[in-house]
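**Student:** Enclosed is the structure file input_0.cif (mmCIF, C-alpha atoms).
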data_coords
#
loop_
_atom_site.label_atom_id
_atom_site.label_comp_id
_atom_site.auth_asym_id
_atom_site.auth_seq_id
_atom_site.Cartn_x
_atom_site.Cartn_y
_atom_site.Cartn_z
CA MET A 1 3.23 265.06 21.56
CA ASN A 2 1.76 267.49 19.06
CA PRO A 3 -0.74 270.09 20.31
CA LYS A 4 -3.76 268.46 18.65
CA ARG A 5 -3.17 265.10 20.34
CA LYS A 6 -2.47 266.83 23.62
CA GLN A 7 -5.78 268.64 23.35
CA ARG A 8 -7.64 265.39 22.67
CA LEU A 9 -5.91 263.68 25.59
CA ILE A 10 -6.88 266.54 27.92
CA LEU A 11 -10.44 266.39 26.61
CA ILE A 12 -10.89 262.66 27.26
CA SER A 13 -9.15 262.90 30.65
CA ALA A 14 -11.58 265.65 31.61
CA MET A 15 -14.48 263.48 30.44
CA VAL A 16 -13.35 260.43 32.42
CA ILE A 17 -12.70 262.52 35.54
CA GLY A 18 -16.15 264.09 35.15
CA VAL A 19 -17.80 260.68 34.95
CA VAL A 20 -15.84 259.44 37.97
CA VAL A 21 -16.86 262.47 40.06
CA ALA A 22 -20.51 262.17 39.02
CA VAL A 23 -20.69 258.44 39.75
CA SER A 24 -18.86 258.88 43.09
CA LEU A 25 -21.39 261.50 44.17
CA ILE A 26 -24.31 259.28 43.17
CA LEU A 27 -22.85 256.29 45.02
CA LEU A 28 -22.13 258.39 48.12
CA ALA A 29 -25.71 259.66 48.08
CA LEU A 30 -27.07 256.12 47.71
CA ASN A 31 -24.60 254.60 50.17
CA GLU A 32 -27.23 253.32 52.60
CA ASN A 33 -29.31 251.77 49.85
CA ILE A 34 -26.39 249.94 48.29
CA ASN A 35 -25.46 248.25 51.55
CA HIS A 36 -26.99 244.82 51.34
CA TYR A 37 -27.78 244.47 55.03
CA PHE A 38 -27.75 246.20 58.41
CA ASP A 39 -25.37 245.18 61.19
CA PRO A 40 -26.86 244.12 64.54
CA THR A 41 -25.37 247.30 66.08
CA GLN A 42 -27.35 249.45 63.64
CA VAL A 43 -30.52 247.45 64.31
CA VAL A 44 -30.17 247.78 68.10
CA ALA A 45 -29.54 251.52 67.68
CA GLY A 46 -32.83 251.80 65.76
CA GLU A 47 -31.24 252.74 62.42
CA ALA A 48 -33.07 249.95 60.60
CA PRO A 49 -36.57 250.71 59.28
CA GLN A 50 -39.41 249.82 61.66
CA ASP A 51 -42.36 247.80 60.30
CA HIS A 52 -40.54 247.32 57.01
CA THR A 53 -38.73 244.37 55.53
CA PHE A 54 -34.96 244.70 55.63
CA ARG A 55 -31.85 242.52 55.74
CA ILE A 56 -29.63 241.90 58.73
CA GLY A 57 -26.19 240.35 58.46
CA GLY A 58 -23.72 239.00 60.99
CA MET A 59 -22.22 235.92 62.59
CA VAL A 60 -24.30 233.16 64.19
CA VAL A 61 -23.41 233.12 67.90
CA ASN A 62 -21.77 229.86 68.98
CA GLY A 63 -24.16 227.67 70.95
CA SER A 64 -27.17 229.91 70.31
CA VAL A 65 -29.01 227.79 67.72
CA GLN A 66 -32.22 226.34 69.19
CA ARG A 67 -34.66 224.19 67.25
CA GLU A 68 -38.27 223.44 68.13
CA VAL A 69 -38.89 219.71 68.39
CA GLY A 70 -40.77 218.36 65.37
CA GLU A 71 -40.79 221.70 63.57
CA LEU A 72 -38.56 223.69 61.21
CA MET A 73 -38.71 226.65 63.58
CA VAL A 74 -35.23 227.72 64.60
CA SER A 75 -33.87 230.66 66.56
CA PHE A 76 -30.32 231.92 66.90
CA GLY A 77 -28.34 234.95 67.99
CA LEU A 78 -26.80 237.12 65.27
CA THR A 79 -23.82 239.25 66.23
CA ASP A 80 -21.26 241.67 64.83
CA TYR A 81 -19.17 241.10 67.99
CA GLN A 82 -20.64 244.25 69.57
CA LYS A 83 -24.40 243.80 69.69
CA THR A 84 -26.53 240.69 69.29
CA VAL A 85 -30.02 240.34 67.81
CA THR A 86 -32.17 237.22 68.17
CA VAL A 87 -33.43 235.86 64.85
CA THR A 88 -36.27 233.36 64.38
CA TYR A 89 -36.84 231.51 61.14
CA ASP A 90 -39.36 228.91 59.98
CA GLY A 91 -37.88 227.19 56.92
CA ILE A 92 -35.02 225.24 55.43
CA LEU A 93 -31.56 226.64 56.17
CA PRO A 94 -28.80 226.63 53.49
CA ASP A 95 -25.98 224.06 53.62
CA LEU A 96 -23.37 226.50 54.84
CA PHE A 97 -25.48 227.63 57.83
CA ARG A 98 -23.66 226.80 61.04
CA GLU A 99 -22.62 228.40 64.29
CA GLY A 100 -19.75 230.87 63.94
CA GLN A 101 -20.55 231.45 60.25
CA GLY A 102 -21.91 234.55 58.56
CA VAL A 103 -25.56 234.73 57.47
CA VAL A 104 -27.80 237.37 55.91
CA ALA A 105 -31.49 237.24 56.90
CA LEU A 106 -34.42 239.03 55.29
CA GLY A 107 -37.41 239.88 57.46
CA LYS A 108 -39.01 242.28 59.95
CA LEU A 109 -38.34 243.34 63.50
CA LYS A 110 -41.09 242.36 65.99
CA ASP A 111 -40.65 243.30 69.65
CA GLY A 112 -36.87 243.29 69.36
CA VAL A 113 -36.81 239.86 67.70
CA PHE A 114 -35.99 239.61 64.00
CA VAL A 115 -38.54 237.37 62.26
CA ALA A 116 -36.87 236.12 59.08
CA GLU A 117 -38.59 235.11 55.85
CA GLU A 118 -35.33 234.06 54.21
CA VAL A 119 -31.91 233.13 55.58
CA LEU A 120 -28.87 233.08 53.28
CA ALA A 121 -25.42 231.84 54.26
CA LYS A 122 -22.55 234.23 53.64
CA HIS A 123 -19.38 232.48 52.65
CA ASP A 124 -16.07 234.00 53.77
CA GLU A 125 -13.00 234.50 51.60
CA ASN A 126 -10.99 231.62 53.09
CA TYR A 127 -10.38 228.46 51.11
CA MET A 128 -8.47 225.55 52.67
CA PRO A 129 -8.40 221.77 52.89
CA PRO A 130 -10.08 220.15 55.97
CA GLU A 131 -6.73 219.21 57.59
CA VAL A 132 -5.55 222.83 57.58
CA ALA A 133 -8.87 223.98 59.02
CA ALA A 134 -8.60 221.36 61.78
CA SER A 135 -5.07 222.40 62.75
CA LEU A 136 -6.05 226.08 62.66
CA LYS A 137 -8.87 225.34 65.07
CA LYS A 138 -6.50 223.55 67.44
CA ASP A 139 -3.83 226.24 67.17
CA PRO A 140 -5.33 229.59 66.10
CA PRO A 141 -2.98 232.10 64.41
CA GLN A 142 -1.93 235.16 66.44
CA ALA A 143 -3.03 237.78 63.93
CA ALA A 144 -6.74 238.52 64.20
CA ASN A 145 -8.66 238.30 60.93
CA MET B 1 12.20 257.71 20.08
CA ASN B 2 13.53 254.64 21.84
CA SER B 3 13.35 251.16 20.40
CA PHE B 4 10.45 250.05 22.61
CA MET B 5 8.25 252.87 21.35
CA LYS B 6 9.26 252.00 17.79
CA TRP B 7 8.23 248.40 18.43
CA ILE B 8 4.88 249.58 19.84
CA HIS B 9 4.37 251.74 16.76
CA LYS B 10 4.92 248.79 14.46
CA TRP B 11 1.85 247.12 15.98
CA GLY B 12 -0.19 250.04 14.67
CA SER B 13 0.44 248.91 11.11
CA PRO B 14 -2.21 246.46 9.84
CA PRO B 15 0.18 244.35 7.66
CA TRP B 16 2.60 244.03 10.60
CA PHE B 17 -0.19 243.09 12.99
CA TYR B 18 -1.49 240.52 10.52
CA ARG B 19 1.92 238.95 9.89
CA VAL B 20 3.24 238.89 13.47
CA SER B 21 -0.03 237.70 15.00
CA GLY B 22 -0.01 234.87 12.44
CA MET B 23 3.45 233.85 13.64
CA MET B 24 2.48 234.08 17.32
CA LEU B 25 -0.78 232.15 17.18
CA PRO B 26 0.64 228.57 17.13
CA TRP B 27 2.86 229.34 20.16
CA LEU B 28 0.05 230.98 22.07
CA THR B 29 -2.22 228.03 21.32
CA GLY B 30 0.40 225.57 22.61
CA LEU B 31 0.87 227.53 25.85
CA PHE B 32 -2.89 227.81 26.24
CA ALA B 33 -3.29 224.02 25.93
CA ILE B 34 -0.57 223.38 28.56
CA THR B 35 -1.90 225.86 31.13
CA LEU B 36 -5.49 224.73 30.57
CA VAL B 37 -4.75 221.01 30.93
CA TYR B 38 -2.61 221.56 34.04
CA GLY B 39 -5.12 223.97 35.56
CA LEU B 40 -8.09 221.66 35.00
CA TYR B 41 -6.31 218.49 36.16
CA ALA B 42 -4.73 220.10 39.22
CA GLY B 43 -7.92 221.98 40.05
CA LEU B 44 -10.45 219.21 39.57
CA VAL B 45 -8.36 216.17 40.61
CA LEU B 46 -5.22 217.09 42.61
CA ALA B 47 -6.51 219.96 44.76
CA PRO B 48 -8.12 218.90 48.05
CA ALA B 49 -11.79 219.58 48.76
CA ASP B 50 -12.60 222.71 50.76
CA TYR B 51 -13.21 222.34 54.52
CA GLN B 52 -16.68 223.85 54.26
CA GLN B 53 -17.85 223.70 50.67
CA GLY B 54 -16.49 220.27 49.81
CA ASP B 55 -16.12 219.72 46.07
CA SER B 56 -18.50 222.57 45.18
CA PHE B 57 -15.66 225.05 45.63
CA ARG B 58 -14.08 223.75 42.40
CA ILE B 59 -16.29 226.06 40.37
CA ILE B 60 -13.75 228.69 41.47
CA TYR B 61 -11.49 227.43 38.64
CA VAL B 62 -13.95 228.75 36.06
CA HIS B 63 -15.81 231.47 37.94
CA VAL B 64 -12.88 233.50 39.26
CA PRO B 65 -10.72 233.51 36.08
CA ALA B 66 -13.82 234.39 34.03
CA ALA B 67 -14.67 237.27 36.37
CA TRP B 68 -11.06 238.52 36.20
CA MET B 69 -11.14 238.34 32.41
CA GLY B 70 -14.36 240.33 32.26
CA MET B 71 -12.53 243.19 33.98
CA PHE B 72 -9.12 242.64 32.32
CA ILE B 73 -10.59 242.75 28.79
CA TYR B 74 -12.47 245.91 29.67
CA ILE B 75 -9.24 247.59 30.77
CA VAL B 76 -7.56 246.53 27.50
CA MET B 77 -10.51 248.04 25.63
CA ALA B 78 -10.30 251.28 27.60
CA VAL B 79 -6.58 251.61 26.78
CA ALA B 80 -7.37 250.89 23.12
CA ALA B 81 -10.08 253.57 23.26
CA VAL B 82 -7.59 256.19 24.49
CA VAL B 83 -5.04 255.19 21.82
CA HIS B 84 -7.76 255.33 19.18
CA LEU B 85 -9.14 258.70 20.23
CA VAL B 86 -5.82 260.46 20.82
CA TRP B 87 -3.48 258.94 18.23
CA ARG B 88 -6.13 257.84 15.71
CA ILE B 89 -4.50 254.44 15.27
CA LYS B 90 -6.82 252.14 13.32
CA ILE B 91 -5.63 248.91 14.95
CA ALA B 92 -6.76 250.20 18.36
CA ASP B 93 -10.33 250.38 17.06
CA VAL B 94 -10.02 246.86 15.65
CA VAL B 95 -8.71 245.52 18.99
CA LEU B 96 -11.48 247.28 20.91
CA ILE B 97 -14.37 245.92 18.89
CA SER B 98 -12.81 242.47 18.51
CA SER B 99 -12.47 242.23 22.30
CA ALA B 100 -16.00 243.29 23.24
CA PRO B 101 -17.87 240.00 22.51
CA ILE B 102 -15.14 238.00 24.30
CA GLY B 103 -15.41 240.23 27.37
CA ALA B 104 -19.19 239.96 27.30
CA SER B 105 -18.94 236.15 27.18
CA PHE B 106 -16.61 236.08 30.19
CA ALA B 107 -18.87 238.40 32.19
CA PHE B 108 -21.80 236.12 31.30
CA ILE B 109 -19.86 232.99 32.35
CA ALA B 110 -18.93 234.64 35.66
CA LEU B 111 -22.60 235.47 36.34
CA VAL B 112 -23.88 232.00 35.42
CA THR B 113 -21.23 230.03 37.34
CA GLY B 114 -21.67 232.33 40.33
CA SER B 115 -25.40 231.71 40.25
CA LEU B 116 -24.91 227.94 40.06
CA TRP B 117 -22.64 228.10 43.11
CA GLY B 118 -24.85 230.56 44.96
CA LYS B 119 -27.91 228.30 45.04
CA PRO B 120 -26.36 225.49 47.15
CA MET B 121 -23.96 227.71 49.15
CA TRP B 122 -25.90 230.89 49.89
CA GLY B 123 -29.35 229.46 49.34
CA THR B 124 -30.26 231.73 46.41
CA TRP B 125 -29.51 232.01 42.69
CA TRP B 126 -29.37 235.78 42.74
CA THR B 127 -29.39 238.72 45.11
CA TRP B 128 -29.09 242.44 44.36
CA ASP B 129 -25.92 243.11 46.30
CA ALA B 130 -23.27 245.55 45.06
CA ARG B 131 -20.91 242.93 43.58
CA LEU B 132 -23.55 241.02 41.65
CA THR B 133 -25.28 244.15 40.42
CA SER B 134 -22.09 245.86 39.23
CA GLU B 135 -21.03 242.66 37.42
CA LEU B 136 -24.43 242.53 35.68
CA LEU B 137 -23.92 246.17 34.73
CA LEU B 138 -20.57 245.22 33.18
CA LEU B 139 -22.32 242.69 30.95
CA PHE B 140 -24.85 245.34 29.88
CA ILE B 141 -22.07 247.84 29.12
CA TYR B 142 -20.36 245.24 26.91
CA LEU B 143 -23.63 244.60 25.09
CA GLY B 144 -24.15 248.36 24.71
CA ILE B 145 -20.69 248.77 23.18
CA ILE B 146 -21.36 245.97 20.69
CA ALA B 147 -24.80 247.38 19.83
CA LEU B 148 -23.53 250.95 19.38
CA HIS B 149 -20.71 249.82 17.11
CA SER B 150 -23.03 247.93 14.82
CA ALA B 151 -25.75 250.59 14.89
CA VAL B 152 -23.62 253.37 13.39
CA GLU B 153 -23.16 252.94 9.65
CA ASP B 154 -20.03 255.02 9.11
CA ARG B 155 -17.01 253.09 10.37
CA GLN B 156 -15.08 256.13 11.61
CA SER B 157 -17.97 257.58 13.62
CA ALA B 158 -18.82 254.10 14.94
CA GLY B 159 -15.24 253.66 16.16
CA ARG B 160 -15.11 257.03 17.91
CA ALA B 161 -18.55 256.75 19.50
CA THR B 162 -17.70 253.25 20.76
CA ALA B 163 -14.38 254.47 22.20
CA VAL B 164 -16.13 257.26 24.11
CA LEU B 165 -18.76 254.85 25.47
CA THR B 166 -16.01 252.44 26.53
CA LEU B 167 -14.29 255.22 28.49
CA VAL B 168 -17.53 256.22 30.20
CA GLY B 169 -18.04 252.62 31.34
CA VAL B 170 -14.52 252.23 32.75
CA VAL B 171 -15.69 253.80 36.03
CA ASN B 172 -17.51 250.53 36.73
CA ILE B 173 -14.28 248.50 36.92
CA PRO B 174 -13.00 249.82 40.30
CA ILE B 175 -16.59 249.67 41.56
CA ILE B 176 -16.75 245.93 40.80
CA HIS B 177 -13.39 245.29 42.44
CA TYR B 178 -14.02 247.34 45.60
CA SER B 179 -17.78 246.65 45.91
CA VAL B 180 -17.11 244.00 48.55
CA VAL B 181 -14.98 246.47 50.54
CA TRP B 182 -17.09 249.63 50.29
CA TRP B 183 -20.46 248.06 51.04
CA ASN B 184 -21.98 245.13 52.91
CA THR B 185 -22.48 242.41 50.33
CA LEU B 186 -23.53 238.78 50.30
CA HIS B 187 -20.59 238.06 48.02
CA GLN B 188 -17.44 237.25 49.98
CA GLY B 189 -14.42 239.54 50.12
CA THR B 190 -11.27 239.31 48.03
CA THR B 191 -9.41 236.01 48.35
CA VAL B 192 -6.39 236.24 46.05
CA MET B 193 -5.49 239.89 45.35
CA ARG B 194 -5.03 240.94 48.97
CA LEU B 195 -2.30 243.06 50.47
CA ASP B 196 -1.66 240.46 53.19
CA GLY B 197 -1.38 237.57 50.74
CA PRO B 198 -3.98 235.15 49.35
CA ALA B 199 -6.45 233.56 51.79
CA ILE B 200 -6.40 230.27 49.93
CA ALA B 201 -4.25 227.17 50.43
CA PRO B 202 -1.28 227.00 47.96
CA GLN B 203 -2.34 223.65 46.46
CA MET B 204 -5.67 225.29 45.58
CA LEU B 205 -4.08 228.56 44.43
CA TRP B 206 -1.65 227.21 41.79
CA PRO B 207 -4.31 225.61 39.58
CA LEU B 208 -6.31 228.84 39.87
CA LEU B 209 -3.39 230.95 38.64
CA SER B 210 -2.76 228.46 35.83
CA MET B 211 -6.40 228.74 34.77
CA ALA B 212 -6.14 232.53 34.91
CA ILE B 213 -3.15 232.42 32.51
CA ALA B 214 -5.00 229.95 30.26
CA PHE B 215 -8.02 232.28 30.10
CA LYS B 216 -5.76 235.25 29.26
CA LEU B 217 -4.09 233.29 26.45
CA TYR B 218 -7.49 232.22 25.18
CA TYR B 219 -8.51 235.88 25.03
CA VAL B 220 -5.36 236.90 23.14
CA ILE B 221 -5.80 234.02 20.67
CA VAL B 222 -9.49 234.69 19.95
CA MET B 223 -8.98 238.46 19.87
CA MET B 224 -6.13 238.08 17.33
CA LEU B 225 -8.21 235.74 15.16
CA ARG B 226 -11.12 238.18 15.18
CA ALA B 227 -8.84 241.17 14.61
CA ARG B 228 -7.13 239.46 11.64
CA GLY B 229 -10.49 238.89 9.99
CA GLU B 230 -11.53 242.48 10.69
CA ILE B 231 -8.25 243.83 9.27
CA LEU B 232 -8.65 241.82 6.05
CA ALA B 233 -12.23 243.04 5.68
CA ARG B 234 -11.22 246.68 6.20
CA GLU B 235 -8.14 246.56 3.98
CA THR B 236 -9.60 244.55 1.10
CA LYS B 237 -8.62 247.20 -1.41
CA SER B 238 -5.05 247.68 -0.19
CA ARG B 239 -2.07 246.27 -2.03
CA TRP B 240 -0.70 244.03 0.74
CA VAL B 241 -4.02 242.18 1.11
CA ARG B 242 -4.21 241.61 -2.67
CA GLU B 243 -0.66 240.31 -2.69
CA LEU B 244 -1.45 238.13 0.32
CA VAL B 245 -4.38 236.40 -1.33
CA GLY B 246 -2.43 236.23 -4.63
CA GLY B 247 -5.12 237.80 -6.81
CA GLU B 248 -5.01 241.05 -8.71
#
Here is a file; write its structure as C-alpha cells.
**Tutor:**
Amino acid sequence: MNPKRKQRLILISAMVIGVVVAVSLILLALNENINHYFDPTQVVAGEAPQDHTFRIGGMVVNGSVQREVGELMVSFGLTDYQKTVTVTYDGILPDLFREGQGVVALGKLKDGVFVAEEVLAKHDENYMPPEVAASLKKDPPQAAN
Amino acid sequence: MNSFMKWIHKWGSPPWFYRVSGMMLPWLTGLFAITLVYGLYAGLVLAPADYQQGDSFRIIYVHVPAAWMGMFIYIVMAVAAVVHLVWRIKIADVVLISSAPIGASFAFIALVTGSLWGKPMWGTWWTWDARLTSELLLLFIYLGIIALHSAVEDRQSAGRATAVLTLVGVVNIPIIHYSVVWWNTLHQGTTVMRLDGPAIAPQMLWPLLSMAIAFKLYYVIVMMLRARGEILARETKSRWVRELVGGE
C-alpha cells in the first residue's frame, strides 16, 4: 500500500473510531432514558420516578388476573421473577395479553399499586406451531430460557 | 498480487463492470424468481400458523428480510465508502449512491410492516423504544446520504462528502442489532441470529431464509441496473461507451 493511501486509511479509521467513542459515551450517559421500561425490582426499590408517568415491564403472574364483573377494570401481578408489582388497568387489553406473557404498561404509581393508562403486550422471540408449543408445555426442556 | 485481488481490481473498471453485470443479470433474475416463489409459497401456505400469533406472524417473511437488507445494504455502502476514499476507485462511488435508495426503501418497508404487525400484537402502531428509534434513524441517514449527494454540484466532492457521511452513520448498525440486548425494549429479542441457534421452528425458518436470499438477489439486480445507468451517464464521452451504442 503506498504511503498516501495508508495515510487516508489511517485518517478514516481515526474518524470512525472517534465517532464510535463519542456515540458510546452519549449512549452510556443516556442509558436510563433509553431503557423503555423499569423492571418490578427497580420499582419496588424506589428507582422509578414518583408522581410521574413511567413504563413498567415484566411477566404477568400466572393466576393473578382479576376482572371486575361488568367492567373493563382488570388487575394483575407483574413480575421479573424477583419482585412483583400489582397493576390495575381500565381499558381494552391487546390480543397477546395473557398470563405468563410479557407486557409493558404505562402509568403512575399510587400507594404501591401501578395504575396503568396503556398496556402493551410484549412478544417474545419464539416462533413455533401450536403442536410444538403443546408438547413443550407437557414436557419442558431442561435448559432454562 | 494474487489472482483474487486481480479479479477484484477488474471490477473497478467501468467497461468490465458494465459487461460482466450485463452477463450476470439474467442468471440473478432467474435465481431471484425461484427463491421468491418458494419463499412466498412455503411461508404463506406451507408453514404452520404460530401458536400465539396465528397467521399474523407471516408478516415476518417480509418484515425480517427487509430489516436485514436495510442493515446489509448499509454495510455494503460503508465498504464502498472506504474503497472510494482510500483507493479512489470510481465504481465504489457508483455502487454507494446506487445502493442508497434501495436501502432506504427496505428500511421504510421494515418500519411499515413492523407497524402493521405492532397494532394487533402489541396494541400500538409505534413506540419510542431503542430498536424502533434506531431503525427510524437508519431511514433518516439513508435520506441524508441521498440528499447530500444530490445537493453538491461537483461530482467528485459529492462522492467524497457522501462517503464520509456514510462512514459516520455506520455506528448506527451495531446499535440497531444490539438495541434489544443492551436496553429494555418493546421489540422482541433476536430470533434467528443467536449463538444458541434460531428460536423458530425449522418449517418456519426455511421460507424465511429463502426470502432473505431473494431480497439480497433483488438488491444486487436493482443495484446493478442503477449502476449501469450511472456508469453510462458518467462515461458518455469515453470511447467504449461510443462503441457500445454504435455512434461516433
**Student:** Place a sphere of radius 10 Å on (-18.3, 232.7, 31.4) in the file coordinates and name every protein, DNA or RNA residue with an atom inside or on its surface, counting all atoms listed in the file; give the answer as a PyMOL selection string.
**Tutor:** chain B and resi 62-67+69-70+102-114
**Student:** Provide as a list in words the residues of chain B at most 6 Å from chain A, counting all atoms listed in the file.
**Tutor:**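 Close to chain A, chain B has Pro48, Ala49, Asp50, Tyr51, Val86, Met121, Trp122, Gly123, Asp129, Val171, Trp183, Asn184, Thr185, Leu186, Gln188, Gly189, Thr191, Ala199, Ile200 and Ala201 of chain B.
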**Student:** Pick the closest to Gly229 (chain B) from B:Ser21, B:Thr190, B:Gln156, B:Thr127: which is it, counting all atoms listed in the file?
**Tutor:**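 Selected residue with least distance to Gly229 (chain B): B:Ser21.
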**Student:** CA of Arg226 (chain B) and CA of Ser99 (chain B) are how many Å apart?
**Tutor:**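 Calculated distance between CA of Arg226 (chain B) and CA of Ser99 (chain B) is 8.3 Å.
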**Student:** Write out as number ranges by chain the residues lying within 12 Å of region 43-51 of chain A, counting only C-alpha atoms and excluding same-chain residues fewer than 6 positions away.
**Tutor:** A: 32-33, 35, 37, 57-58, 78-80, 82-87, 107-115
**Student:** Could you state the separation of CA of His52 (chain A) and CA of Glu117 (chain A) in Å, given to one decimal place?
**Tutor:**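 Separating CA of His52 (chain A) from CA of Glu117 (chain A) is a distance of 12.4 Å.
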**Student:** Could you check the closest approach to Met24 (chain B) for each of B:Ile221, B:Trp182, B:Ser56, B:Leu46 and tell me which residue wins, using only C-alpha atoms?
**Tutor:**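 Closest to Met24 (chain B), using only C-alpha atoms: B:Ile221.
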**Student:** How many Å lie between CA of Ser98 (chain B) and CA of Val192 (chain B), rounded to one decimal?
**Tutor:** 29.0 Å
**Student:** So, with all atoms listed in the file as the atoms that count, which of B:Ile97, B:Leu244, B:Ala81, B:Ala151 lies closest to Thr166 (chain B)?
**Tutor:** B:Ala81
**Student:** Please supply region 90-104 of chain A, rebuilt with N, CA, C and O atoms, as a compact mmCIF listing (two decimals), in the frame of the given file.
**Tutor:**
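Saved to out19.txt:
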# COMPACT_ATOMS: atom_id res chain seq x y z
N ASP A 90 -38.58 230.13 60.17
CA ASP A 90 -39.36 228.91 59.98
C ASP A 90 -39.16 228.45 58.54
O ASP A 90 -39.88 228.88 57.64
N GLY A 91 -38.15 227.63 58.29
CA GLY A 91 -37.88 227.19 56.92
C GLY A 91 -36.59 226.39 56.86
O GLY A 91 -35.98 226.10 57.89
N ILE A 92 -36.21 226.07 55.62
CA ILE A 92 -35.02 225.24 55.43
C ILE A 92 -33.79 226.13 55.34
O ILE A 92 -33.75 227.07 54.54
N LEU A 93 -32.78 225.84 56.16
CA LEU A 93 -31.56 226.64 56.17
C LEU A 93 -30.60 226.16 55.09
O LEU A 93 -30.58 224.98 54.75
N PRO A 94 -29.77 227.05 54.50
CA PRO A 94 -28.80 226.63 53.49
C PRO A 94 -27.70 225.74 54.09
O PRO A 94 -27.48 225.75 55.30
N ASP A 95 -27.01 225.01 53.20
CA ASP A 95 -25.98 224.06 53.62
C ASP A 95 -24.89 224.68 54.49
O ASP A 95 -24.40 224.05 55.42
N LEU A 96 -24.52 225.90 54.15
CA LEU A 96 -23.37 226.50 54.84
C LEU A 96 -23.76 227.11 56.19
O LEU A 96 -22.92 227.63 56.90
N PHE A 97 -25.07 227.06 56.55
CA PHE A 97 -25.48 227.63 57.83
C PHE A 97 -24.90 226.81 58.97
O PHE A 97 -25.10 225.60 59.05
N ARG A 98 -24.13 227.45 59.81
CA ARG A 98 -23.66 226.80 61.04
C ARG A 98 -23.22 227.86 62.03
O ARG A 98 -23.06 229.03 61.66
N GLU A 99 -23.02 227.45 63.26
CA GLU A 99 -22.62 228.40 64.29
C GLU A 99 -21.23 228.95 63.99
O GLU A 99 -20.36 228.22 63.53
N GLY A 100 -21.03 230.24 64.21
CA GLY A 100 -19.75 230.87 63.94
C GLY A 100 -19.59 231.30 62.49
O GLY A 100 -18.54 231.81 62.11
N GLN A 101 -20.62 231.05 61.65
CA GLN A 101 -20.55 231.45 60.25
C GLN A 101 -21.43 232.66 60.00
O GLN A 101 -22.38 232.93 60.74
N GLY A 102 -21.12 233.37 58.90
CA GLY A 102 -21.91 234.55 58.56
C GLY A 102 -23.22 234.18 57.87
O GLY A 102 -23.26 233.22 57.10
N VAL A 103 -24.29 234.90 58.19
CA VAL A 103 -25.56 234.73 57.47
C VAL A 103 -26.17 236.12 57.21
O VAL A 103 -25.83 237.10 57.87
N VAL A 104 -27.03 236.17 56.20
CA VAL A 104 -27.80 237.37 55.91
C VAL A 104 -29.27 236.96 55.93
O VAL A 104 -29.65 236.04 55.22
